[in-house]
Every structure is written in structure tokens, then in C-alpha cells.
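S.K.: First the structure, then my questions, so here it is.
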Amino acid sequence: DCDLNGIPDACDIVSDTSLDCDNNGAIDSCDIAAGLIEDCDFNGVPDSCEIADPTVDCDGNGQIDACELANGTANDCNGNGITDACDIANAGRFEDSGQVLEGLSCEFIALGDLDGDGDLDAFLTFYGPSDRVFFNDGNGVYTDSGQELGEGYTASRAVALGDLDGDGDLDAYVVSGSVAYPDRVFWNDGMGNYTDSGQALGFVGSADINLGDLDRDGDLDAFVANIPGDPDRVFLNDGTGGFTDSGQELGSGNSIACALGDLDGDGDQDVIVNQNTYIYFNDGTGIFEVTDPLGLSLGGHAHSLGDVDSDGDLDLFSAGNGPGLPSRVYLNDG
């Protein structure tokens with residue numbers, strides 16, 4: 001290859017630009033000299049990735065290059081028993097593992113590495129029975145840790161996991177759905193064993209909890225969405241996991257779900273709740289201003305924020321709650 005163009009001299013283009021003299025899967029006019037990201041033969045694979053090694057997936061589309069479009073969608077080139085056309089369509093489907101973890105009605109579940117072994121464990125809340133922790137063996141098989149949390153005073157609705165006391169593990173902030181029982185904070189010892197911190201917070205009926213650094217002091221604060229009769233509240237963390245009511249009473253007290261995120265692009269955590277789609281804008285110090293820009297009653301039991309239209313801001317997916325209240329997607333104007 002005296003001219004160092006990546007093609008043996010015997011194969012260089014003399015007259016026919018459609019030849020593939022070096023048999024690398026790319027016509028010679030498209031070979032390496034054309035650039036690493038070119039796809040001159042339009043087969044869906046960059047020329048630099050063409051089939052030198054049939055086990056390579058250079059374009060990262062989940063199919064090895066030997067199985068790419070030229071071979072047709074009826075083949076099973078990777079030998080997994082599924083035709084190539086079905087491979088991608090089946091990705092992300094779930095199958096029942098057969099595990100029955102608890103015969104009681106669970107209110108909420110949060111996943112996190114509770115025991116520090118690198119896999120996702122589960123913290124389950126119950127309205128009536130004690131809350132439970134299940135450990136993952138690393139293969140998705142769960143075992144009850146035997147802990148009964150909040151025994152005698154639990155009416156748990158939701159839980160949020162986070163490092164509340166700054167020791168590097170996941171603690172739990174559990175909210176109660178009954179005015180008879182307070183919200184609770186449980187400390188993690190690093191191995192997934194939880195101890196009640198002794199804090200009794202709220203004493204109102206709560207529905208949802210989200211953790212975030214609301215006042216930008218480096219620790220996790222709590223936004224608690226409350227059910228009818230009680231406004232939403234903000235609890236500020238002192239850095240050691242001790243929480244204090246900020247004194248704010250937000251909204252009309254009919255919240256079921258809330259979500260935190262920087263909705264207006266100013267660098268702090270705002271909140272959206274489902275009661276008439278209130279948005280609470282944060283001034284950066286954890287003080288919130290209530291607005292109602294959508295003017296719609298979502299009625300959903302869950303909200304999730306994410307950039308669904310890839311324009312750099314957080315949009316809203318709201319899960320519906322029965323006939324006449326379908327799930328909806330709301331796009332953020334930035």
C-alpha cells in the first residue's frame with residue numbers, strides 16, 4: 001500500500017468505483033481514506049466498522065455487524081433463538097421472577113443499595129403493618145431482613161432514600177398518611193440495619209415525600225406533599241439529619257404526588273404537585289412561591305420529571321387516576 005490510503009495497491013480504483021477488491025464489505029471508493037464515520041455503501045454501518053470481525057457491534061445498535069441490514073430481518077445471526085427483527089422489539093420486556101415477597105398490601109417501594117454491596121435492595125412501606133427491608137443477593141433474589149420498622153405507630157404512605165446524615169449510606173424518610181402518627185427518619189448503619197432517629201415530624205396526613213438540597217447548603221432537605229386539610233410543607237436538614245419545619249404552608253392541602261427538579265433553569269430545585277398542577281418555584285434558599293401556570297387538575301397518583309423532548313429542560317409525565325383522568329405529558333417551555 002505504497003500510497004498509504006488503506007487499500008492494497010492491487011485493489012486501487014482504476015476504473016470501476018463500485019469494486020470491493022479488498023473484500024472488506026465496503027466499496028473501495030468508500031474505504032478508510034473517506035473517513036471513519038462515512039457510510040458510503042449505505043448499509044447502516046460506518047465504513048470503519050465494516051465486517052473485519054463478525055462479532056463486533058461498532059455502531060452500538062445491539063446487533064453484531066455481521067447481522068446488519070444486508071442480511072435481512074428474518075435471520076438469527078447472533079444465535080439467541082430470536083430473529084434479528086424481534087431482538088430490539090423485545091428489549092426491555094419484563095418477566096415475573098416468581099418471587100412473592102410479602103402477602104400484605106404495600107403502599108410504596110424505594111430501591112437503593114441499602115447494605116453497601118453494590119446491588120439494589122428494597123425498602124417497603126405499609127399502612128398498618130411495620131415497614132420492611134428486603135436484601136438483594138445480587139441476582140435479583142430478595143430476602144426479608146427481618147426488620148420491622150415503626151412497629152406500633154406506622155401508617156406509612158411513602159418513603160424517600162438518601163444520605164441524610166452525611167455518613168455515605170442511604171437513610172430513609174418515611175411519611176405517614178394519618179394525623180395520628182408522625183413522619184419518621186430512620187438511620188442506616190451502613191449495612192442496611194435501620195434505627196429510628198427519634199424525630200417525630202409533621203403530625204399531618206402525608207401522601208408523598210421527595211428529597212433534595214432545597215436551600216443549597218449541601219445536604220438533603222424534604223418536601224412533603226399532604227392530603228386534604230393540610231398544606232404542603234418543607235423540612236430543612238441541619239446537615240446531621242436533624243429536620244426542622246421551615247414554617248411554610250404551601251397550597252390548599254390536596255396533594256397526592258410531588259416531584260422535584262429545576263423547572264425554570266435557575267439552578268435550584270423547584271416542585272410540582274398534582275393539586276391543580278401547582279408549581280412551587282424556589283428562590284434558591286428553600287423559600288417557595290406558589291404558581292398555577294397550567295390551570296389543570298391532573299388527579300394523578302404519580303409524577304415524574306425528565307427531558308422527554310431532548311430540548312434541555314425538564315418535562316412532566318403525570319400518571320392518570322381512572323376514567324376521565326388519563327395519563328398526560330406536559331412539555332416545558334424552558
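Simple scheme: letters A, B, ... for chains in C-alpha cells order, numbers from 1 for residues in each chain, numbers from 1 for ligands in the order shown.
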Determine, counting only C-alpha atoms, which protein, DNA and RNA residues have an atom within 12 Å of an atom of A:Asp266; residues of the same chain fewer than 6 positions away are not included. Present the result as number ranges by chain.
M.R.: A: 281-284, 313, 334
S.K.: Those residues you just picked out, can you put them in a file as a PDB file, in the first residue's frame with N, CA and C atoms?
M.R.:
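Final output, out.pdb:
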```pdb
ATOM      1  N   PHE A 281     -42.038  27.559  42.773  1.00  0.00           N
ATOM      2  CA  PHE A 281     -40.705  27.995  42.346  1.00  0.00           C
ATOM      3  C   PHE A 281     -39.860  28.362  43.568  1.00  0.00           C
ATOM      4  N   ASN A 282     -38.638  27.827  43.572  1.00  0.00           N
ATOM      5  CA  ASN A 282     -37.687  28.022  44.665  1.00  0.00           C
ATOM      6  C   ASN A 282     -36.877  29.294  44.402  1.00  0.00           C
ATOM      7  N   ASP A 283     -36.689  30.116  45.439  1.00  0.00           N
ATOM      8  CA  ASP A 283     -35.880  31.327  45.263  1.00  0.00           C
ATOM      9  C   ASP A 283     -34.390  31.062  45.457  1.00  0.00           C
ATOM     10  N   GLY A 284     -34.039  29.794  45.687  1.00  0.00           N
ATOM     11  CA  GLY A 284     -32.640  29.413  45.867  1.00  0.00           C
ATOM     12  C   GLY A 284     -32.246  29.213  47.307  1.00  0.00           C
ATOM     13  N   ASP A 313     -34.611  20.874  29.004  1.00  0.00           N
ATOM     14  CA  ASP A 313     -35.326  21.204  30.235  1.00  0.00           C
ATOM     15  C   ASP A 313     -36.159  20.010  30.688  1.00  0.00           C
ATOM     16  N   GLY A 334     -39.050  25.861  28.972  1.00  0.00           N
ATOM     17  CA  GLY A 334     -37.707  26.273  29.376  1.00  0.00           C
ATOM     18  C   GLY A 334     -37.722  27.303  30.467  1.00  0.00           C
TER      19      GLY A 334
END
```
S.K.: Taking only residues of stretch 146-232 of chain A that have an atom at most 6 Å from an atom of stretch 111-116 of chain A, what is each one's shortest atom pair and its distance in Å to one decimal, using only C-alpha atoms, in chain and number order, as CSV?
M.R.:
```
residue,atom,partner,partner_atom,distance
A:Leu170,CA,A:Leu114,CA,5.9
A:Gly190,CA,A:Asp115,CA,5.8
A:Met191,CA,A:Asp115,CA,4.0
A:Gly192,CA,A:Asp115,CA,4.2
```
S.K.: For stretch 196-265 of chain A versus stretch 135-155 of chain A, which residues have an atom no more than 12 Å away, and what is each residue's nearest atom pair and distance in Å rounded to one decimal, using only C-alpha atoms, chain-then-number order, as CSV?
M.R.:
```
residue,atom,partner,partner_atom,distance
A:Asp196,CA,A:Gly150,CA,7.6
A:Ser197,CA,A:Gly150,CA,10.9
A:Gly198,CA,A:Gly150,CA,10.6
A:Gln199,CA,A:Gly150,CA,11.9
A:Ala200,CA,A:Tyr153,CA,10.8
A:Phe203,CA,A:Ala155,CA,11.3
A:Val204,CA,A:Ala155,CA,11.4
A:Gly205,CA,A:Ala155,CA,9.5
A:Ser206,CA,A:Ala155,CA,9.9
A:Ala207,CA,A:Ala155,CA,10.8
```
S.K.: Point out the residue among A:Phe243, A:Leu236, A:Asp217, A:Pro231 with the least atom-to-atom distance to A:Asp183, counting only C-alpha atoms.
M.R.: A:Phe243
S.K.: So which residues touch A:Ser255 within 8 Å, counting only C-alpha atoms, skipping near sequence neighbours fewer than 5 positions away, as a count of residues only?
M.R.: 9
S.K.: Please extract the residues of stretch 60-290 of chain A with a backbone DSSP assignment of helix (DSSP H, G or I) and present them as a count of residues only.
M.R.: 13
S.K.: Please identify the strand (DSSP E) residues within stretch 95-298 of chain A (assignment by DSSP from backbone atoms) and present them as a ChimeraX atom specification.
M.R.: /A:106-112,121-126,132-136,142-144,156-162,171-176,184-188,194-196,206-212,221-226,233-237,243-245,258-261,270-273,279-282,288-291
S.K.: Write out as a list in words the residues lying within 9 Å of stretch 259-263 of chain A, counting only C-alpha atoms and excluding same-chain residues fewer than 4 positions away.
M.R.: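 The contact residues come out as Ile209, Asn210, Leu211, Gly212, Phe223, Gly267, Asp268, Gln269, Asp270, Val271, Ile272, Val273, Ile279, Phe281, Asn282, Ala302, His303, Ser304, Leu305, Gly306, Asp313, Leu314, Asp315, Asn332 and Gly334 of chain A.
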